[in-house]
file work-v7.cif (mmCIF, C-alpha atoms; chains and numbers go by the auth columns)
data_coords
loop_
_atom_site.group_PDB
_atom_site.id
_atom_site.type_symbol
_atom_site.label_atom_id
_atom_site.label_comp_id
_atom_site.label_asym_id
_atom_site.label_seq_id
_atom_site.Cartn_x
_atom_site.Cartn_y
_atom_site.Cartn_z
_atom_site.B_iso_or_equiv
_atom_site.auth_seq_id
_atom_site.auth_asym_id
ATOM 1 C CA MET A 1 -14.606 -7.410 -3.469 0.00 1 A
ATOM 2 C CA THR A 2 -11.995 -9.745 -4.889 0.00 2 A
ATOM 3 C CA ASN A 3 -12.310 -13.514 -5.274 0.00 3 A
ATOM 4 C CA TYR A 4 -8.924 -14.484 -3.907 0.00 4 A
ATOM 5 C CA ASP A 5 -8.330 -17.681 -2.028 0.00 5 A
ATOM 6 C CA LEU A 6 -7.505 -16.020 1.268 0.00 6 A
ATOM 7 C CA ARG A 7 -5.941 -19.165 2.683 0.00 7 A
ATOM 8 C CA THR A 8 -2.616 -18.160 1.184 0.00 8 A
ATOM 9 C CA ARG A 9 -0.533 -15.391 2.700 0.00 9 A
ATOM 10 C CA LYS A 10 0.222 -14.021 -0.757 0.00 10 A
ATOM 11 C CA ALA A 11 -3.441 -13.503 -1.537 0.00 11 A
ATOM 12 C CA LEU A 12 -4.067 -11.956 1.856 0.00 12 A
ATOM 13 C CA ARG A 13 -1.261 -9.513 1.260 0.00 13 A
ATOM 14 C CA GLN A 14 -2.606 -8.610 -2.194 0.00 14 A
ATOM 15 C CA VAL A 15 -6.032 -7.877 -0.802 0.00 15 A
ATOM 16 C CA THR A 16 -4.595 -5.755 1.995 0.00 16 A
ATOM 17 C CA LEU A 17 -2.529 -3.683 -0.431 0.00 17 A
ATOM 18 C CA LEU A 18 -5.507 -3.220 -2.719 0.00 18 A
ATOM 19 C CA GLU A 19 -7.716 -2.181 0.164 0.00 19 A
ATOM 20 C CA PHE A 20 -5.349 0.636 1.106 0.00 20 A
ATOM 21 C CA GLY A 21 -4.602 1.751 -2.445 0.00 21 A
ATOM 22 C CA PHE A 22 -1.079 0.325 -2.733 0.00 22 A
ATOM 23 C CA GLY A 23 0.478 -2.272 -5.001 0.00 23 A
ATOM 24 C CA PRO A 24 0.595 -3.352 -8.638 0.00 24 A
ATOM 25 C CA GLU A 25 -3.063 -4.362 -8.727 0.00 25 A
ATOM 26 C CA THR A 26 -4.148 -0.896 -7.694 0.00 26 A
ATOM 27 C CA MET A 27 -2.162 0.484 -10.626 0.00 27 A
ATOM 28 C CA GLN A 28 -3.610 -2.081 -13.030 0.00 28 A
ATOM 29 C CA ARG A 29 -7.102 -1.007 -12.053 0.00 29 A
ATOM 30 C CA CYS A 30 -6.729 2.672 -12.800 0.00 30 A
ATOM 31 C CA LYS A 31 -6.093 5.130 -15.576 0.00 31 A
ATOM 32 C CA LEU A 32 -5.280 8.779 -15.095 0.00 32 A
ATOM 33 C CA CYS A 33 -7.087 11.520 -16.911 0.00 33 A
ATOM 34 C CA PRO A 34 -4.539 13.431 -19.021 0.00 34 A
ATOM 35 C CA GLU A 35 -6.522 16.647 -18.526 0.00 35 A
ATOM 36 C CA CYS A 36 -7.384 16.811 -14.836 0.00 36 A
ATOM 37 C CA GLY A 37 -5.278 13.995 -13.324 0.00 37 A
ATOM 38 C CA ARG A 38 -8.182 12.171 -11.720 0.00 38 A
ATOM 39 C CA ALA A 39 -7.814 8.402 -11.298 0.00 39 A
ATOM 40 C CA ASN A 40 -10.563 6.506 -13.151 0.00 40 A
ATOM 41 C CA PRO A 41 -11.352 2.776 -13.291 0.00 41 A
ATOM 42 C CA ALA A 42 -9.328 1.021 -16.024 0.00 42 A
ATOM 43 C CA GLN A 43 -12.436 -0.042 -17.935 0.00 43 A
ATOM 44 C CA ASP A 44 -13.700 3.552 -18.346 0.00 44 A
ATOM 45 C CA THR A 45 -13.176 5.402 -21.605 0.00 45 A
ATOM 46 C CA HIS A 46 -13.956 8.934 -20.411 0.00 46 A
ATOM 47 C CA CYS A 47 -13.016 10.812 -17.251 0.00 47 A
ATOM 48 C CA ALA A 48 -15.817 10.923 -14.688 0.00 48 A
ATOM 49 C CA ASP A 49 -14.817 14.473 -13.698 0.00 49 A
ATOM 50 C CA CYS A 50 -14.078 16.374 -16.894 0.00 50 A
ATOM 51 C CA GLY A 51 -15.239 13.999 -19.645 0.00 51 A
ATOM 52 C CA ALA A 52 -11.861 13.878 -21.402 0.00 52 A
ATOM 53 C CA VAL A 53 -10.966 10.741 -23.340 0.00 53 A
ATOM 54 C CA LEU A 54 -8.853 8.413 -21.212 0.00 54 A
ATOM 55 C CA PRO A 55 -5.693 6.807 -22.607 0.00 55 A
ATOM 56 C CA GLU A 56 -5.424 3.068 -23.316 0.00 56 A
ATOM 57 C CA LYS A 57 -2.539 2.701 -20.878 0.00 57 A
ATOM 58 C CA THR A 58 -3.139 2.075 -17.205 0.00 58 A
ATOM 59 C CA LEU A 59 -1.072 3.441 -14.359 0.00 59 A
ATOM 60 C CA TYR A 60 0.703 0.082 -14.280 0.00 60 A
ATOM 61 C CA ASP A 61 1.906 0.557 -17.885 0.00 61 A
ATOM 62 C CA PHE A 62 3.234 3.956 -16.891 0.00 62 A
ATOM 63 C CA TYR A 63 5.038 2.369 -13.931 0.00 63 A
ATOM 64 C CA LEU A 64 6.578 -0.361 -16.106 0.00 64 A
ATOM 65 C CA SER A 65 7.780 2.242 -18.587 0.00 65 A
ATOM 66 C CA ARG A 66 9.968 3.742 -15.853 0.00 66 A
ATOM 67 C CA HIS A 67 11.659 0.485 -14.867 0.00 67 A
ATOM 68 C CA ARG A 68 13.776 -2.380 -16.048 0.00 68 A
ATOM 69 C CA CYS A 69 11.441 -5.236 -16.965 0.00 69 A
ATOM 70 C CA CYS A 70 11.808 -8.990 -17.346 0.00 70 A
ATOM 71 C CA PRO A 71 11.781 -9.924 -21.059 0.00 71 A
ATOM 72 C CA GLY A 72 10.101 -13.221 -20.138 0.00 72 A
ATOM 73 C CA CYS A 73 7.088 -12.254 -18.025 0.00 73 A
ATOM 74 C CA GLY A 74 7.188 -8.438 -18.152 0.00 74 A
ATOM 75 C CA VAL A 75 7.273 -7.652 -14.412 0.00 75 A
ATOM 76 C CA ALA A 76 9.396 -4.757 -13.188 0.00 76 A
ATOM 77 C CA VAL A 77 12.636 -5.896 -11.563 0.00 77 A
ATOM 78 C CA THR A 78 15.214 -4.094 -9.455 0.00 78 A
ATOM 79 C CA ASP A 79 18.426 -2.887 -11.087 0.00 79 A
ATOM 80 C CA TYR A 80 20.535 -5.391 -9.171 0.00 80 A
ATOM 81 C CA ALA A 81 18.474 -8.510 -10.019 0.00 81 A
ATOM 82 C CA VAL A 82 20.272 -11.062 -12.201 0.00 82 A
ATOM 83 C CA TYR A 83 17.277 -13.407 -12.552 0.00 83 A
ATOM 84 C CA CYS A 84 13.583 -12.621 -12.608 0.00 84 A
ATOM 85 C CA PRO A 85 12.089 -13.553 -9.209 0.00 85 A
ATOM 86 C CA GLU A 86 8.764 -14.399 -10.879 0.00 86 A
ATOM 87 C CA CYS A 87 9.716 -16.619 -13.829 0.00 87 A
ATOM 88 C CA GLY A 88 13.444 -17.283 -13.361 0.00 88 A
ATOM 89 C CA THR A 89 14.523 -15.794 -16.713 0.00 89 A
ATOM 90 C CA ARG A 90 18.115 -14.571 -16.767 0.00 90 A
ATOM 91 C CA LEU A 91 17.935 -10.798 -17.156 0.00 91 A
ATOM 92 C CA PRO A 92 20.014 -8.692 -19.524 0.00 92 A
ATOM 93 C CA LYS A 93 22.233 -6.127 -17.819 0.00 93 A
ATOM 94 C CA ALA A 94 20.513 -3.170 -16.125 0.00 94 A
ATOM 95 C CA GLY A 95 19.317 -0.525 -18.539 0.00 95 A
ATOM 96 C CA VAL A 96 18.924 -2.862 -21.538 0.00 96 A
ATOM 97 C CA THR A 97 15.307 -3.764 -20.911 0.00 97 A
ATOM 98 C CA ARG A 98 14.099 -0.400 -19.680 0.00 98 A
ATOM 99 C CA ARG A 99 11.021 0.397 -21.698 0.00 99 A
ATOM 100 C CA LYS A 100 10.520 3.603 -23.554 0.00 100 A
ATOM 101 C CA GLU A 101 8.591 6.002 -21.350 0.00 101 A
ATOM 102 C CA THR A 102 4.966 6.424 -22.282 0.00 102 A
ATOM 103 C CA ALA A 103 2.608 9.146 -21.238 0.00 103 A
ATOM 104 C CA VAL A 104 -0.344 8.140 -19.071 0.00 104 A
ATOM 105 C CA MET B 1 18.000 11.932 2.408 0.00 1 B
ATOM 106 C CA ALA B 2 17.348 14.265 -0.476 0.00 2 B
ATOM 107 C CA GLU B 3 15.914 17.609 0.477 0.00 3 B
ATOM 108 C CA SER B 4 12.165 17.318 0.076 0.00 4 B
ATOM 109 C CA GLN B 5 10.091 19.957 -1.611 0.00 5 B
ATOM 110 C CA LYS B 6 7.804 22.016 0.543 0.00 6 B
ATOM 111 C CA THR B 7 4.654 20.606 -1.042 0.00 7 B
ATOM 112 C CA ALA B 8 3.606 18.273 -3.827 0.00 8 B
ATOM 113 C CA THR B 9 3.077 19.672 -7.314 0.00 9 B
ATOM 114 C CA TYR B 10 0.006 21.900 -7.274 0.00 10 B
ATOM 115 C CA LYS B 11 -2.251 24.220 -9.215 0.00 11 B
ATOM 116 C CA VAL B 12 -4.125 27.095 -7.660 0.00 12 B
ATOM 117 C CA ILE B 13 -7.554 28.182 -8.800 0.00 13 B
ATOM 118 C CA ALA B 14 -9.204 31.431 -7.715 0.00 14 B
ATOM 119 C CA ASP B 15 -12.574 30.800 -6.113 0.00 15 B
ATOM 120 C CA ALA B 16 -15.625 32.997 -6.833 0.00 16 B
ATOM 121 C CA GLY B 17 -15.854 33.846 -3.120 0.00 17 B
ATOM 122 C CA GLY B 18 -12.355 35.320 -3.010 0.00 18 B
ATOM 123 C CA GLY B 19 -10.580 32.219 -1.738 0.00 19 B
ATOM 124 C CA ARG B 20 -8.074 29.959 -3.404 0.00 20 B
ATOM 125 C CA VAL B 21 -8.561 26.270 -4.172 0.00 21 B
ATOM 126 C CA PHE B 22 -5.436 24.133 -4.387 0.00 22 B
ATOM 127 C CA ARG B 23 -5.162 20.946 -6.421 0.00 23 B
ATOM 128 C CA PHE B 24 -2.252 18.737 -5.368 0.00 24 B
ATOM 129 C CA TYR B 25 -0.777 16.120 -7.700 0.00 25 B
ATOM 130 C CA CYS B 26 1.483 13.098 -7.303 0.00 26 B
ATOM 131 C CA ASP B 27 5.080 14.060 -8.184 0.00 27 B
ATOM 132 C CA ILE B 28 5.603 10.905 -10.254 0.00 28 B
ATOM 133 C CA SER B 29 2.353 10.063 -12.005 0.00 29 B
ATOM 134 C CA GLY B 30 0.564 13.406 -11.904 0.00 30 B
ATOM 135 C CA GLU B 31 -2.485 11.842 -10.231 0.00 31 B
ATOM 136 C CA LEU B 32 -4.809 14.333 -8.602 0.00 32 B
ATOM 137 C CA CYS B 33 -4.706 13.397 -4.929 0.00 33 B
ATOM 138 C CA CYS B 34 -6.323 16.332 -3.160 0.00 34 B
ATOM 139 C CA VAL B 35 -8.592 19.260 -3.935 0.00 35 B
ATOM 140 C CA THR B 36 -8.801 21.633 -0.990 0.00 36 B
ATOM 141 C CA LYS B 37 -11.683 23.749 0.195 0.00 37 B
ATOM 142 C CA PRO B 38 -11.449 27.449 -0.750 0.00 38 B
ATOM 143 C CA ILE B 39 -8.846 29.074 1.504 0.00 39 B
ATOM 144 C CA ARG B 40 -8.730 32.745 2.362 0.00 40 B
ATOM 145 C CA ALA B 41 -5.361 34.264 3.159 0.00 41 B
ATOM 146 C CA ASP B 42 -3.516 37.502 2.400 0.00 42 B
ATOM 147 C CA THR B 43 -1.010 35.939 0.054 0.00 43 B
ATOM 148 C CA GLU B 44 -0.870 32.836 -2.100 0.00 44 B
ATOM 149 C CA GLU B 45 2.077 31.546 -0.088 0.00 45 B
ATOM 150 C CA ALA B 46 0.133 31.785 3.144 0.00 46 B
ATOM 151 C CA ALA B 47 -2.871 30.067 1.568 0.00 47 B
ATOM 152 C CA LEU B 48 -0.653 27.304 0.213 0.00 48 B
ATOM 153 C CA GLU B 49 0.826 26.666 3.626 0.00 49 B
ATOM 154 C CA ILE B 50 -2.620 26.338 5.166 0.00 50 B
ATOM 155 C CA ALA B 51 -3.881 24.158 2.296 0.00 51 B
ATOM 156 C CA TRP B 52 -0.896 21.829 2.522 0.00 52 B
ATOM 157 C CA ASP B 53 -0.843 21.535 6.315 0.00 53 B
ATOM 158 C CA LYS B 54 -4.573 21.077 6.790 0.00 54 B
ATOM 159 C CA GLU B 55 -5.486 18.953 3.781 0.00 55 B
ATOM 160 C CA GLY B 56 -2.826 18.241 1.184 0.00 56 B
ATOM 161 C CA LYS B 57 -0.066 16.485 3.048 0.00 57 B
ATOM 162 C CA TRP B 58 -2.356 13.850 4.525 0.00 58 B
ATOM 163 C CA GLU B 59 -3.023 12.453 1.063 0.00 59 B
ATOM 164 C CA PHE B 60 0.629 11.909 0.142 0.00 60 B
ATOM 165 C CA ASN B 61 3.564 9.691 0.998 0.00 61 B
ATOM 166 C CA LEU B 62 6.954 11.367 1.256 0.00 62 B
ATOM 167 C CA CYS B 63 9.836 9.368 -0.183 0.00 63 B
ATOM 168 C CA PRO B 64 12.776 9.764 2.220 0.00 64 B
ATOM 169 C CA LYS B 65 15.268 8.986 -0.533 0.00 65 B
ATOM 170 C CA CYS B 66 14.339 11.435 -3.289 0.00 66 B
ATOM 171 C CA GLY B 67 12.015 13.777 -1.398 0.00 67 B
ATOM 172 C CA LYS B 68 9.044 13.401 -3.747 0.00 68 B
ATOM 173 C CA TYR B 69 5.466 13.478 -2.537 0.00 69 B
ATOM 174 C CA VAL B 70 3.653 10.579 -4.171 0.00 70 B
ATOM 175 C CA SER B 71 0.222 8.934 -4.175 0.00 71 B
ATOM 176 C CA SER B 72 -0.303 5.564 -2.479 0.00 72 B
ATOM 177 C CA ALA B 73 -0.292 3.831 -5.867 0.00 73 B
ATOM 178 C CA MET B 74 3.220 5.160 -6.520 0.00 74 B
ATOM 179 C CA PHE B 75 4.582 4.211 -3.093 0.00 75 B
ATOM 180 C CA ASN B 76 6.285 0.951 -2.172 0.00 76 B
ATOM 181 C CA VAL B 77 4.955 0.481 1.322 0.00 77 B
ATOM 182 C CA ASN B 78 7.287 -2.483 1.933 0.00 78 B
ATOM 183 C CA ALA B 79 10.391 -0.460 1.223 0.00 79 B
ATOM 184 C CA GLY B 80 9.047 2.861 2.534 0.00 80 B
ATOM 185 C CA LEU B 81 10.182 4.515 -0.714 0.00 81 B
ATOM 186 C CA CYS B 82 8.530 5.750 -3.892 0.00 82 B
ATOM 187 C CA LEU B 83 8.309 3.390 -6.856 0.00 83 B
ATOM 188 C CA ASP B 84 10.990 5.304 -8.737 0.00 84 B
ATOM 189 C CA CYS B 85 13.454 4.519 -5.943 0.00 85 B
ATOM 190 C CA ALA B 86 12.195 0.995 -5.168 0.00 86 B
ATOM 191 C CA PRO B 87 10.081 -0.919 -7.711 0.00 87 B
ATOM 192 C CA TRP B 88 7.723 -3.537 -6.344 0.00 88 B
ATOM 193 C CA GLU B 89 9.289 -6.882 -5.516 0.00 89 B
ATOM 194 C CA ASP B 90 7.192 -9.945 -4.890 0.00 90 B
ATOM 195 C CA GLU B 91 7.209 -10.774 -1.203 0.00 91 B
ATOM 196 C CA TYR B 92 6.958 -14.451 -2.071 0.00 92 B
ATOM 197 C CA PRO B 93 9.335 -14.898 -5.019 0.00 93 B
ATOM 198 C CA SER B 94 9.437 -18.152 -6.978 0.00 94 B
ATOM 199 C CA PHE B 95 13.092 -17.782 -7.976 0.00 95 B
ATOM 200 C CA CYS B 96 16.192 -16.286 -6.368 0.00 96 B
ATOM 201 C CA HIS B 97 16.931 -12.966 -8.061 0.00 97 B
ATOM 202 C CA HIS B 98 20.664 -13.533 -7.604 0.00 98 B
ATOM 203 C CA CYS B 99 21.351 -17.138 -8.682 0.00 99 B
ATOM 204 C CA GLY B 100 18.050 -18.073 -10.360 0.00 100 B
ATOM 205 C CA VAL B 101 17.380 -21.229 -8.345 0.00 101 B
ATOM 206 C CA ARG B 102 13.709 -22.194 -7.886 0.00 102 B
ATOM 207 C CA LEU B 103 12.763 -21.576 -4.265 0.00 103 B
ATOM 208 C CA GLN B 104 11.025 -24.310 -2.328 0.00 104 B
ATOM 209 C CA GLU B 105 9.955 -22.111 0.567 0.00 105 B
ATOM 210 C CA PRO B 106 8.191 -19.012 -0.727 0.00 106 B
ATOM 211 C CA ASP B 107 8.649 -17.071 2.505 0.00 107 B
ATOM 212 C CA ALA B 108 12.349 -17.810 3.064 0.00 108 B
ATOM 213 C CA CYS B 109 14.441 -14.790 4.004 0.00 109 B
ATOM 214 C CA PHE B 110 17.598 -15.957 2.242 0.00 110 B
ATOM 215 C CA CYS B 111 18.331 -18.131 -0.791 0.00 111 B
ATOM 216 C CA PRO B 112 19.404 -21.612 0.400 0.00 112 B
ATOM 217 C CA ILE B 113 21.941 -21.895 -2.435 0.00 113 B
ATOM 218 C CA CYS B 114 23.701 -18.535 -2.730 0.00 114 B
ATOM 219 C CA GLY B 115 22.563 -16.820 0.457 0.00 115 B
ATOM 220 C CA ALA B 116 21.113 -13.760 -1.272 0.00 116 B
ATOM 221 C CA ARG B 117 18.629 -11.852 0.795 0.00 117 B
ATOM 222 C CA LEU B 118 15.136 -12.493 -0.564 0.00 118 B
ATOM 223 C CA GLN B 119 13.100 -10.261 1.666 0.00 119 B
ATOM 224 C CA VAL B 120 11.686 -7.178 0.059 0.00 120 B
ATOM 225 C CA GLY B 121 12.363 -3.736 1.341 0.00 121 B
ATOM 226 C CA GLY B 122 14.782 -2.091 -1.025 0.00 122 B
ATOM 227 C CA THR B 123 17.899 -4.197 -0.463 0.00 123 B
ATOM 228 C CA ASP B 124 19.615 -1.825 -2.886 0.00 124 B
ATOM 229 C CA GLY B 125 22.087 -4.443 -4.019 0.00 125 B
ATOM 230 C CA LYS B 126 23.359 -5.039 -0.494 0.00 126 B
ATOM 231 C CA GLU B 127 21.800 -8.459 -0.197 0.00 127 B
ATOM 232 C CA GLY B 128 25.008 -10.005 1.113 0.00 128 B
ATOM 233 C CA ALA B 129 25.259 -12.716 -1.499 0.00 129 B
ATOM 234 C CA ALA B 130 28.586 -14.172 -2.501 0.00 130 B
ATOM 235 C CA GLU B 131 29.630 -12.569 -5.772 0.00 131 B
#
call {"tool": "encode", "arguments": {"input": "work-v7.cif", "output": "C-alpha cells"}}
result
Amino acid sequence: MTNYDLRTRKALRQVTLLEFGFGPETMQRCKLCPECGRANPAQDTHCADCGAVLPEKTLYDFYLSRHRCCPGCGVAVTDYAVYCPECGTRLPKAGVTRRKETAV
Amino acid sequence: MAESQKTATYKVIADAGGGRVFRFYCDISGELCCVTKPIRADTEEAALEIAWDKEGKWEFNLCPKCGKYVSSAMFNVNAGLCLDCAPWEDEYPSFCHHCGVRLQEPDACFCPICGARLQVGGTDGKEGAAE
C-alpha cells in the first residue's frame, strides 16, 4: 500500500482514487501491451499475458499526449485554463501546448 | 448527449467448444478490460449481446458526452466524463486557473480575487468569472 500522510484530504483522495483504479497515479503505474491490450505494471518490460515487449511510455504519457499541457510542470490542463492550477505558470493559448500523440 | 455505441470495441475469438469468446477494449486507450467466458448462441450478434449484458458492460464507464465506453483509468470520476472530454483537474489547486493568484485555502470553491469557480467537475469554461 502507499505511504501517504493520510492526515491531508488530498492524500486521502489520492489513495481512494488509486484503490478504485481511477486517477493520474493509476495511469502512471501502468503500461498497456501493444499486442493484447493488457495493463501491466509500469516497471515491467514484457507483458505478463503474451510476452510482448512493453513500450517505455506509461498510460499517463498517452493521456498527456491527448491534452494541452502546462509548459512549466507538465500537468494536463483544461482548454479554458489561463494559468496552471498546479504551478501558476501562464499558459499559452489552447492548442499551442498540445503534445504530439504517441502510441502506448 | 452523443449517441453511444452499442458496446465497447471488441474482438471475437472462436472457442474450441463451439462458443465465442469476446474481448472488450477501452475506446480511448485500447486497454483490455474484459474477456468473457465462451458464449454459445446462434449468431455472433446474439452472442455479443449476451456477452456485453452479462459481463462486458460492468467493466466500463460510459461517457455521457461522447458516448465512449472507457476503462476506469480513462474516466474522470469527478466530472462523470471520459478523460478526452474532461482532463483531470486537481481538487485542491494551488493557483487560480483563471487569474493565477496563489490560493490560501486549498479547498475553496471560488477564487477570492476573480471569483472563478475552482471546484472540479468539468466546468467547461462556464466558471462564472468576470472576463
call {"tool": "resolve_selection", "arguments": {"input": "work-v7.cif", "expression": "the PyMOL selection byres ((chain B and resi 3-13) around 10)", "output": "PyMOL selection string"}}
result
chain B and resi 1-2+14-16+19-28+30+32-36+38+44+47-49+51-53+56-57+60-71
call {"tool": "closest_residue", "arguments": {"input": "work-v7.cif", "among": "B:Ala46, B:Ile39, B:Ala108, B:Leu118", "to": "chain A", "atoms": "all atoms listed in the file"}}
result
B:Leu118
call {"tool": "closest_atom_pairs", "arguments": {"input": "work-v7.cif", "of": "chain A", "to": "chain B", "cutoff": "10 Å", "atoms": "all atoms listed in the file", "output": "CSV"}}
result
residue,atom,partner,partner_atom,distance
A:Arg9,CA,B:Tyr92,CA,8.9
A:Lys10,CA,B:Tyr92,CA,6.9
A:Arg13,CA,B:Glu91,CA,8.9
A:Leu17,CA,B:Val77,CA,8.7
A:Leu18,CA,B:Ala73,CA,9.3
A:Phe20,CA,B:Ser72,CA,7.9
A:Gly21,CA,B:Ser72,CA,5.7
A:Phe22,CA,B:Ala73,CA,4.8
A:Gly23,CA,B:Ala73,CA,6.2
A:Pro24,CA,B:Trp88,CA,7.5
A:Glu25,CA,B:Ala73,CA,9.1
A:Thr26,CA,B:Ala73,CA,6.4
A:Met27,CA,B:Ala73,CA,6.1
A:Gln28,CA,B:Ala73,CA,9.9
A:Cys30,CA,B:Ala73,CA,9.5
A:Lys31,CA,B:Glu31,CA,9.3
A:Leu32,CA,B:Glu31,CA,6.4
A:Cys33,CA,B:Glu31,CA,8.1
A:Pro34,CA,B:Gly30,CA,8.8
A:Cys36,CA,B:Leu32,CA,7.2
A:Gly37,CA,B:Glu31,CA,4.7
A:Arg38,CA,B:Leu32,CA,5.1
A:Ala39,CA,B:Glu31,CA,6.4
A:Leu59,CA,B:Ser29,CA,7.8
A:Tyr60,CA,B:Ala73,CA,9.3
A:Phe62,CA,B:Ser29,CA,7.9
A:Tyr63,CA,B:Leu83,CA,7.9
A:Leu64,CA,B:Pro87,CA,9.1
A:Arg66,CA,B:Asp84,CA,7.4
A:His67,CA,B:Pro87,CA,7.5
A:Arg68,CA,B:Pro87,CA,9.2
A:Val75,CA,B:Trp88,CA,9.1
A:Ala76,CA,B:Pro87,CA,6.7
A:Val77,CA,B:Pro87,CA,6.8
A:Thr78,CA,B:Pro87,CA,6.3
A:Asp79,CA,B:Gly125,CA,8.1
A:Tyr80,CA,B:Gly125,CA,5.5
A:Ala81,CA,B:His97,CA,5.1
A:Val82,CA,B:His98,CA,5.2
A:Tyr83,CA,B:His97,CA,4.5
A:Cys84,CA,B:His97,CA,5.7
A:Pro85,CA,B:Phe95,CA,4.5
A:Glu86,CA,B:Ser94,CA,5.5
A:Cys87,CA,B:Phe95,CA,6.9
A:Gly88,CA,B:Phe95,CA,5.4
A:Thr89,CA,B:Gly100,CA,7.6
A:Arg90,CA,B:Gly100,CA,7.3
A:Leu91,CA,B:His97,CA,9.4
A:Ala103,CA,B:Ser29,CA,9.3
A:Val104,CA,B:Ser29,CA,7.8
call {"tool": "atom_distance", "arguments": {"input": "work-v7.cif", "atom1": "atom CA of Lys37 of chain B", "atom2": "atom CA of Lys54 of chain B"}}
result
10.1 Å
call {"tool": "atom_distance", "arguments": {"input": "work-v7.cif", "atom1": "atom CA of Glu55 of chain B", "atom2": "atom CA of Thr16 of chain A"}}
result
24.8 Å
call {"tool": "atom_distance", "arguments": {"input": "work-v7.cif", "atom1": "atom CA of Phe110 of chain B", "atom2": "atom CA of Glu19 of chain A"}}
result
28.9 Å
call {"tool": "axis_aligned_box", "arguments": {"input": "work-v7.cif", "around": "segment 46-55 of chain B", "padding_each_side": "3 Å", "output": "lines of an AutoDock Vina configuration file"}}
result
center_x = -2.3
center_y = 25.4
center_z = 3.5
size_x = 12.3
size_y = 18.8
size_z = 12.6
call {"tool": "closest_residue", "arguments": {"input": "work-v7.cif", "among": "A:Thr8, A:Val15, A:Arg29, A:Gly72", "to": "Lys57 of chain A", "atoms": "all atoms listed in the file"}}
result
A:Arg29
